[in-house]
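Text of the file run_25.cif, holding mmCIF, C-alpha atoms:
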```cif
data_coords
#
loop_
_atom_site.label_atom_id
_atom_site.label_comp_id
_atom_site.auth_asym_id
_atom_site.auth_seq_id
_atom_site.Cartn_x
_atom_site.Cartn_y
_atom_site.Cartn_z
CA MET A 1 13.31 -12.83 49.74
CA ARG A 2 14.73 -9.55 48.47
CA TYR A 3 17.45 -11.50 46.67
CA VAL A 4 14.87 -13.70 44.96
CA ILE A 5 12.84 -10.66 43.89
CA ALA A 6 15.98 -8.93 42.58
CA VAL A 7 16.95 -12.02 40.59
CA GLY A 8 13.44 -12.22 39.18
CA ILE A 9 13.46 -8.59 38.13
CA LEU A 10 16.89 -8.99 36.55
CA ALA A 11 15.67 -12.01 34.61
CA ILE A 12 12.71 -10.02 33.30
CA VAL A 13 14.95 -7.12 32.28
CA VAL A 14 17.43 -9.42 30.54
CA SER A 15 14.59 -11.21 28.72
CA ALA A 16 13.15 -7.88 27.56
CA VAL A 17 16.55 -6.73 26.28
CA VAL A 18 17.10 -10.02 24.45
CA SER A 19 13.64 -9.81 22.91
CA ALA A 20 14.22 -6.23 21.78
CA GLN A 21 17.57 -7.16 20.25
CA SER A 22 15.98 -10.12 18.49
CA ALA A 23 13.28 -7.84 17.11
CA VAL A 24 15.88 -5.43 15.73
CA ILE A 25 17.71 -8.26 13.97
CA GLN A 26 14.53 -9.68 12.47
CA ILE A 27 13.36 -6.25 11.29
CA GLU A 28 16.73 -5.56 9.65
CA GLN A 29 16.60 -8.95 7.91
CA ALA A 30 13.04 -8.32 6.74
CA ASP A 31 13.88 -4.84 5.45
CA ALA A 32 16.84 -6.25 3.50
CA LEU A 33 14.68 -8.96 1.91
CA TYR A 34 12.05 -6.37 1.02
CA ASP A 35 14.58 -4.28 -0.91
CA ARG A 36 13.47 -4.85 -4.51
CA TRP A 37 15.99 -2.34 -5.85
CA ARG A 38 18.73 -4.93 -5.88
CA GLN A 39 19.67 -5.43 -9.49
CA PRO A 40 18.66 -7.24 -11.56
CA PHE A 41 15.12 -7.54 -10.22
CA ASP A 42 13.75 -11.08 -10.53
CA PHE A 43 9.96 -10.95 -10.30
CA GLU A 44 9.48 -14.68 -9.79
CA ALA A 45 12.20 -15.01 -7.16
CA TYR A 46 11.01 -11.95 -5.27
CA GLU A 47 7.86 -13.71 -4.08
CA ALA A 48 9.88 -15.82 -1.63
CA ASP A 49 11.71 -12.73 -0.35
CA LEU A 50 8.42 -10.89 0.14
CA GLN A 51 6.87 -13.80 2.03
CA MET A 52 9.96 -14.24 4.21
CA ALA A 53 9.98 -10.51 5.00
CA ILE A 54 6.34 -10.75 6.10
CA ASP A 55 7.13 -13.72 8.33
CA LEU A 56 10.06 -11.92 9.97
CA TRP A 57 8.10 -8.71 10.58
CA GLU A 58 5.28 -10.70 12.14
CA GLN A 59 7.72 -12.55 14.37
CA ALA A 60 9.36 -9.28 15.42
CA LEU A 61 6.14 -7.37 16.11
CA PRO A 62 5.31 -8.81 19.57
CA LEU A 63 8.97 -8.42 20.64
CA ILE A 64 9.10 -4.66 20.07
CA PRO A 65 9.09 -2.69 23.35
CA ALA A 66 5.82 -0.87 23.96
CA GLU A 67 7.57 2.49 24.08
CA SER A 68 9.14 2.00 20.63
CA ILE A 69 6.24 3.56 18.75
CA GLN A 70 8.23 4.49 15.65
CA THR A 71 9.56 0.97 15.24
CA THR A 72 6.10 -0.52 15.72
CA SER A 73 4.67 1.90 13.17
CA HIS A 74 7.42 1.01 10.69
CA VAL A 75 6.70 -2.71 10.98
CA LEU A 76 2.91 -2.33 10.83
CA ASN A 77 3.11 -0.11 7.74
CA ARG A 78 5.56 -2.48 6.06
CA LEU A 79 3.25 -5.40 6.76
CA SER A 80 0.28 -3.53 5.31
CA GLN A 81 2.15 -2.66 2.14
CA ALA A 82 3.71 -6.11 1.82
CA TYR A 83 0.38 -7.92 2.18
CA PHE A 84 -1.13 -5.62 -0.44
CA GLU A 85 1.74 -6.38 -2.81
CA LEU A 86 1.55 -10.11 -2.13
CA GLY A 87 -2.13 -10.07 -3.01
CA GLU A 88 -1.69 -7.89 -6.07
CA ALA A 89 1.39 -9.53 -7.53
CA TYR A 90 1.43 -13.18 -6.57
CA LEU A 91 -1.66 -14.69 -4.98
CA VAL A 92 -4.14 -16.36 -7.30
CA SER A 93 -7.14 -17.68 -5.38
CA SER A 94 -9.85 -15.32 -4.23
CA ASP A 95 -9.66 -16.65 -0.67
CA ASN A 96 -5.92 -16.02 -0.41
CA LYS A 97 -6.24 -12.56 -1.91
CA GLU A 98 -9.07 -11.63 0.46
CA ARG A 99 -7.03 -12.81 3.46
CA ALA A 100 -3.97 -10.87 2.33
CA PHE A 101 -5.87 -7.63 1.76
CA GLY A 102 -7.72 -8.13 5.05
CA ALA A 103 -4.46 -8.58 6.93
CA GLY A 104 -3.05 -5.51 5.22
CA LYS A 105 -5.96 -3.28 6.20
CA ASP A 106 -5.87 -4.56 9.79
CA TYR A 107 -2.14 -3.86 10.13
CA ALA A 108 -2.59 -0.35 8.70
CA LEU A 109 -5.47 0.32 11.07
CA ALA A 110 -3.34 -0.86 14.00
CA SER A 111 -0.68 1.62 12.87
CA LEU A 112 -3.21 4.45 12.70
CA ARG A 113 -4.39 3.61 16.20
CA LEU A 114 -0.89 4.08 17.61
CA ASP A 115 -1.81 7.77 17.63
CA PRO A 116 -4.34 8.20 20.49
CA VAL A 117 -5.89 11.11 18.60
CA PHE A 118 -7.21 8.64 16.01
CA ASP A 119 -9.43 6.78 18.48
CA GLU A 120 -10.37 10.00 20.25
CA THR A 121 -11.59 11.46 16.95
CA LYS A 122 -13.37 8.23 16.04
CA ASP A 123 -15.22 8.18 19.36
CA ALA A 124 -16.15 11.86 19.11
CA ARG A 125 -16.93 12.28 15.41
CA GLY A 126 -16.90 8.86 13.77
CA PHE A 127 -14.50 6.57 11.93
CA ARG A 128 -14.40 8.52 8.68
CA ALA A 129 -13.59 11.73 10.52
CA ALA A 130 -10.69 9.88 12.15
CA LEU A 131 -9.43 8.83 8.72
CA LEU A 132 -9.66 12.40 7.47
CA SER A 133 -7.59 13.65 10.40
CA ALA A 134 -4.95 10.88 10.51
CA SER A 135 -1.33 12.00 10.42
CA ASP A 136 0.62 8.91 9.27
CA VAL A 137 0.51 9.09 5.49
CA ALA A 138 1.90 5.60 4.90
CA ALA A 139 -0.65 4.03 7.23
CA ILE A 140 -3.58 5.94 5.74
CA PHE A 141 -2.48 5.27 2.14
CA TRP A 142 -1.98 1.54 2.56
CA TYR A 143 -5.15 1.28 4.59
CA GLY A 144 -7.03 2.76 1.65
CA ASN A 145 -5.37 0.43 -0.84
CA CYS A 146 -5.90 -2.71 1.22
CA LEU A 147 -9.46 -1.78 2.16
CA GLY A 148 -10.30 -0.98 -1.45
CA SER A 149 -9.03 -4.36 -2.64
CA TRP A 150 -10.66 -6.21 0.27
CA LEU A 151 -14.02 -4.61 -0.57
CA ASN A 152 -14.00 -6.42 -3.91
CA TYR A 153 -14.90 -9.49 -1.86
CA HIS A 154 -17.36 -7.67 0.40
CA GLN A 155 -19.72 -5.80 -1.88
CA LEU A 156 -22.36 -5.05 0.76
CA THR A 157 -19.75 -3.46 3.02
CA ALA A 158 -18.51 -1.46 0.03
CA ILE A 159 -21.97 -0.10 -0.73
CA MET A 160 -22.76 0.59 2.94
CA GLY A 161 -19.85 2.99 3.35
CA GLY A 162 -16.65 1.12 2.69
CA VAL A 163 -15.97 2.89 -0.58
CA ARG A 164 -16.37 6.26 1.12
CA ASP A 165 -13.82 5.18 3.73
CA VAL A 166 -11.41 4.43 0.88
CA LEU A 167 -12.17 7.85 -0.58
CA ALA A 168 -11.46 9.52 2.77
CA SER A 169 -8.15 7.67 3.05
CA TYR A 170 -6.97 8.78 -0.37
CA GLU A 171 -8.12 12.36 0.08
CA ARG A 172 -6.21 12.57 3.36
CA ALA A 173 -3.12 10.96 1.79
CA VAL A 174 -3.16 13.61 -0.95
CA GLU A 175 -3.19 16.30 1.74
CA LEU A 176 -0.35 14.71 3.70
CA ASP A 177 2.08 13.75 0.92
CA GLU A 178 0.96 13.65 -2.70
CA THR A 179 4.37 12.35 -3.80
CA LEU A 180 4.25 9.09 -1.81
CA ALA A 181 4.84 5.99 -3.94
CA GLY A 182 5.32 7.88 -7.19
CA GLY A 183 2.20 10.03 -6.87
CA GLY A 184 0.30 7.15 -5.26
CA PRO A 185 -2.38 9.19 -3.49
CA HIS A 186 -3.39 10.91 -6.74
CA ARG A 187 -3.11 7.67 -8.75
CA SER A 188 -5.30 5.80 -6.28
CA LEU A 189 -7.81 8.63 -5.94
CA GLY A 190 -8.04 8.97 -9.71
CA SER A 191 -8.60 5.23 -10.10
CA LEU A 192 -11.31 5.22 -7.43
CA ILE A 193 -13.18 8.14 -8.97
CA ALA A 194 -12.93 6.65 -12.46
CA GLN A 195 -14.40 3.33 -11.34
CA ALA A 196 -16.77 4.28 -8.50
CA TYR A 197 -17.82 7.85 -9.34
CA PHE A 198 -21.50 6.88 -9.16
CA VAL A 199 -21.07 5.49 -5.62
CA ILE A 200 -19.19 8.47 -4.19
CA GLY A 201 -21.24 11.11 -6.01
CA ARG A 202 -18.48 12.50 -8.22
CA ASP A 203 -18.17 13.28 -11.91
CA GLN A 204 -16.10 10.60 -13.63
CA ALA A 205 -14.01 13.28 -15.32
CA ASP A 206 -12.82 14.43 -11.89
CA CYS A 207 -10.27 11.63 -12.07
CA VAL A 208 -8.35 13.31 -14.90
CA ALA A 209 -6.67 15.96 -12.76
CA HIS A 210 -5.48 13.29 -10.33
CA PHE A 211 -4.05 11.01 -13.00
CA GLU A 212 -2.28 13.90 -14.71
CA ARG A 213 -0.86 15.12 -11.40
CA ALA A 214 0.42 11.60 -10.61
CA ILE A 215 2.18 11.48 -13.99
CA GLU A 216 3.61 14.94 -13.38
CA ILE A 217 4.96 13.81 -10.00
CA ASP A 218 6.61 10.67 -11.36
CA GLY A 219 6.60 9.70 -15.01
CA THR A 220 8.68 6.59 -14.27
CA TYR A 221 5.84 5.03 -12.26
CA ILE A 222 4.23 3.30 -15.22
CA GLU A 223 1.05 2.43 -13.34
CA ASN A 224 0.17 6.14 -13.39
CA LEU A 225 -0.16 5.89 -17.17
CA VAL A 226 -1.74 2.45 -17.29
CA ASN A 227 -4.44 3.26 -14.74
CA TYR A 228 -5.30 6.44 -16.60
CA ALA A 229 -5.63 4.48 -19.84
CA GLU A 230 -7.51 1.49 -18.44
CA HIS A 231 -9.83 3.11 -15.92
CA PHE A 232 -10.68 6.30 -17.78
CA ALA A 233 -9.63 6.56 -21.42
CA ILE A 234 -10.75 3.08 -22.45
CA ARG A 235 -13.87 3.12 -20.25
CA THR A 236 -15.03 6.42 -21.74
CA GLY A 237 -14.15 5.45 -25.32
CA ASP A 238 -11.41 8.07 -25.70
CA ALA A 239 -9.32 6.07 -28.16
CA ALA A 240 -6.90 8.91 -28.88
CA LEU A 241 -6.08 9.41 -25.21
CA ALA A 242 -5.74 5.67 -24.62
CA ALA A 243 -3.39 5.33 -27.59
CA GLN A 244 -1.25 8.25 -26.41
CA LEU A 245 -1.01 6.91 -22.86
CA LEU A 246 -0.08 3.41 -24.01
CA SER A 247 2.47 4.88 -26.42
CA ASP A 248 3.99 6.76 -23.49
CA VAL A 249 4.08 3.47 -21.56
CA MET A 250 6.01 1.75 -24.35
CA GLN A 251 8.41 4.66 -24.61
CA THR A 252 9.08 4.60 -20.86
CA ALA A 253 9.56 0.84 -21.02
CA GLN A 254 12.52 1.34 -23.36
CA ASP A 255 14.43 3.12 -20.59
CA PRO A 256 15.96 0.53 -18.22
CA GLU A 257 16.60 3.15 -15.54
CA ALA A 258 12.97 4.26 -15.60
CA VAL A 259 11.71 0.69 -15.33
CA ALA A 260 14.15 -0.03 -12.51
CA ALA A 261 12.93 2.98 -10.53
CA TRP A 262 9.87 0.96 -9.43
CA PRO A 263 10.78 -2.66 -10.25
CA LEU A 264 7.79 -4.56 -8.86
CA TYR A 265 5.06 -2.14 -9.83
CA ASN A 266 6.49 -1.40 -13.26
CA HIS A 267 6.66 -5.12 -13.97
CA LEU A 268 2.98 -5.46 -13.11
CA ALA A 269 1.99 -2.31 -14.98
CA LEU A 270 3.79 -3.36 -18.14
CA ALA A 271 2.04 -6.72 -18.09
CA ARG A 272 -1.31 -4.93 -17.78
CA ALA A 273 -0.40 -2.53 -20.58
CA ALA A 274 0.46 -5.46 -22.82
CA SER A 275 -2.97 -6.98 -22.22
CA LEU A 276 -4.62 -3.66 -23.09
CA ASP A 277 -2.57 -2.87 -26.16
CA GLY A 278 -1.70 -6.31 -27.47
CA VAL A 279 2.03 -5.68 -27.19
CA GLU A 280 4.54 -7.77 -25.30
CA ALA A 281 5.88 -6.40 -22.04
CA PRO A 282 9.69 -6.16 -22.09
#
```

Can you dump the structure from the file as structure tokens?
Amino acid sequence: MRYVIAVGILAIVVSAVVSAQSAVIQIEQADALYDRWRQPFDFEAYEADLQMAIDLWEQALPLIPAESIQTTSHVLNRLSQAYFELGEAYLVSSDNKERAFGAGKDYALASLRLDPVFDETKDARGFRAALLSASDVAAIFWYGNCLGSWLNYHQLTAIMGGVRDVLASYERAVELDETLAGGGPHRSLGSLIAQAYFVIGRDQADCVAHFERAIEIDGTYIENLVNYAEHFAIRTGDAALAAQLLSDVMQTAQDPEAVAAWPLYNHLALARAASLDGVEAP
């Protein structure tokens, strides 16, 4: 009997080791596929790489040992970001976009909940308080982005507090690391204020400081300029500011190294700029 038990335990241990090794291989493969800094960047071809990376991360997730919190967090945050990018860059139908953004927010929330303090704070002081005290900047930032995009398909949830949860996520991300994703926390916060200032009780002009700080952090992240132009300058009728921002976009677009600094997002931003300004994206 002892021999049978020992063999059974050994089999379980071996299976766990094999599963963990398989997870490591799949995560490495997914991370390599997700690397959009390979040159030259092919926007059309990258969709297949992005989808394959998502598939591999999802296959690896249940194989990660429970004690490997950092690895689990890495995969969950990658999945959140990747689903956001899939929805933003490639998906067309509203249903597919909603599902992608929903998956992204759920993965980010799962990452946030890896820290027991998150749920403790939520239970004691509410969900928004937990967001405002979260410590994983990637999880909180991508949660805000995915939730914000998902709310476009759930207007009642947005009005009933969803937008304020997005606001809390971005405000906390600014506190944790304002430089993430080329000034992403400021860029996202500025965009939210510019578009939903009446919902969150802010002055629309409050967005200006955030957009300008994002540009100061990373002038090669072209979306910083385009969002400022589209969501504030054009909306408020500031033609001079819009013209200057779009001129800066075109100037940045002439620098291959600057464009290559953020290949996917700069591709998308240049296409948006072209639609705003009537010029062709390079």

Write out as a ChimeraX atom specification which residues come within 12 Å of A:Val24 when counting all atoms listed in the file, dropping same-chain ones fewer than 2 positions away. /A:17-22,26-31,56-57,59-65,68,71-72,74-75

Any chance you could resolve the PyMOL selection byres ((chain A and resi 200) around 10) against this file and give the residues as a PyMOL selection string? chain A and resi 159+161+163-164+167+192-193+196-199+201-203

Residues near A:Phe232, anyone? I mean within 10 Å using all atoms listed in the file, not counting same-chain ones fewer than 3 positions away, as a list in words.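 After dropping sequence-adjacent residues, the list is Gly190, Ser191, Ile193, Ala194, Gln195, Gln204, Ala205, Cys207, Val208, Phe211, Val226, Asn227, Tyr228, Ala229, Arg235, Thr236, Gly237, Asp238, Leu241 and Ala242 of chain A.
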
Starting from the displayed file, determine the output of the PyMOL selection byres ((chain A and resi 258) around 12) and express the residue list as a PDB file with C-alpha atoms, in the coordinates of the input.
```
ATOM      1  CA  GLY A 182       5.320   7.880  -7.190  1.00  0.00           C
ATOM      2  CA  ASP A 218       6.610  10.670 -11.360  1.00  0.00           C
ATOM      3  CA  GLY A 219       6.600   9.700 -15.010  1.00  0.00           C
ATOM      4  CA  THR A 220       8.680   6.590 -14.270  1.00  0.00           C
ATOM      5  CA  TYR A 221       5.840   5.030 -12.260  1.00  0.00           C
ATOM      6  CA  ILE A 222       4.230   3.300 -15.220  1.00  0.00           C
ATOM      7  CA  VAL A 249       4.080   3.470 -21.560  1.00  0.00           C
ATOM      8  CA  MET A 250       6.010   1.750 -24.350  1.00  0.00           C
ATOM      9  CA  GLN A 251       8.410   4.660 -24.610  1.00  0.00           C
ATOM     10  CA  THR A 252       9.080   4.600 -20.860  1.00  0.00           C
ATOM     11  CA  ALA A 253       9.560   0.840 -21.020  1.00  0.00           C
ATOM     12  CA  GLN A 254      12.520   1.340 -23.360  1.00  0.00           C
ATOM     13  CA  ASP A 255      14.430   3.120 -20.590  1.00  0.00           C
ATOM     14  CA  PRO A 256      15.960   0.530 -18.220  1.00  0.00           C
ATOM     15  CA  GLU A 257      16.600   3.150 -15.540  1.00  0.00           C
ATOM     16  CA  VAL A 259      11.710   0.690 -15.330  1.00  0.00           C
ATOM     17  CA  ALA A 260      14.150  -0.030 -12.510  1.00  0.00           C
ATOM     18  CA  ALA A 261      12.930   2.980 -10.530  1.00  0.00           C
ATOM     19  CA  TRP A 262       9.870   0.960  -9.430  1.00  0.00           C
ATOM     20  CA  PRO A 263      10.780  -2.660 -10.250  1.00  0.00           C
ATOM     21  CA  TYR A 265       5.060  -2.140  -9.830  1.00  0.00           C
ATOM     22  CA  ASN A 266       6.490  -1.400 -13.260  1.00  0.00           C
ATOM     23  CA  HIS A 267       6.660  -5.120 -13.970  1.00  0.00           C
TER      24      HIS A 267
END
```

For a cut-off of 8 Å around (-3.9, 2.0, 3.6), file coordinates, pick out all residues using all atoms listed in the file and list them as a ChimeraX atom specification. /A:80-81,104-105,108-109,138-147,169
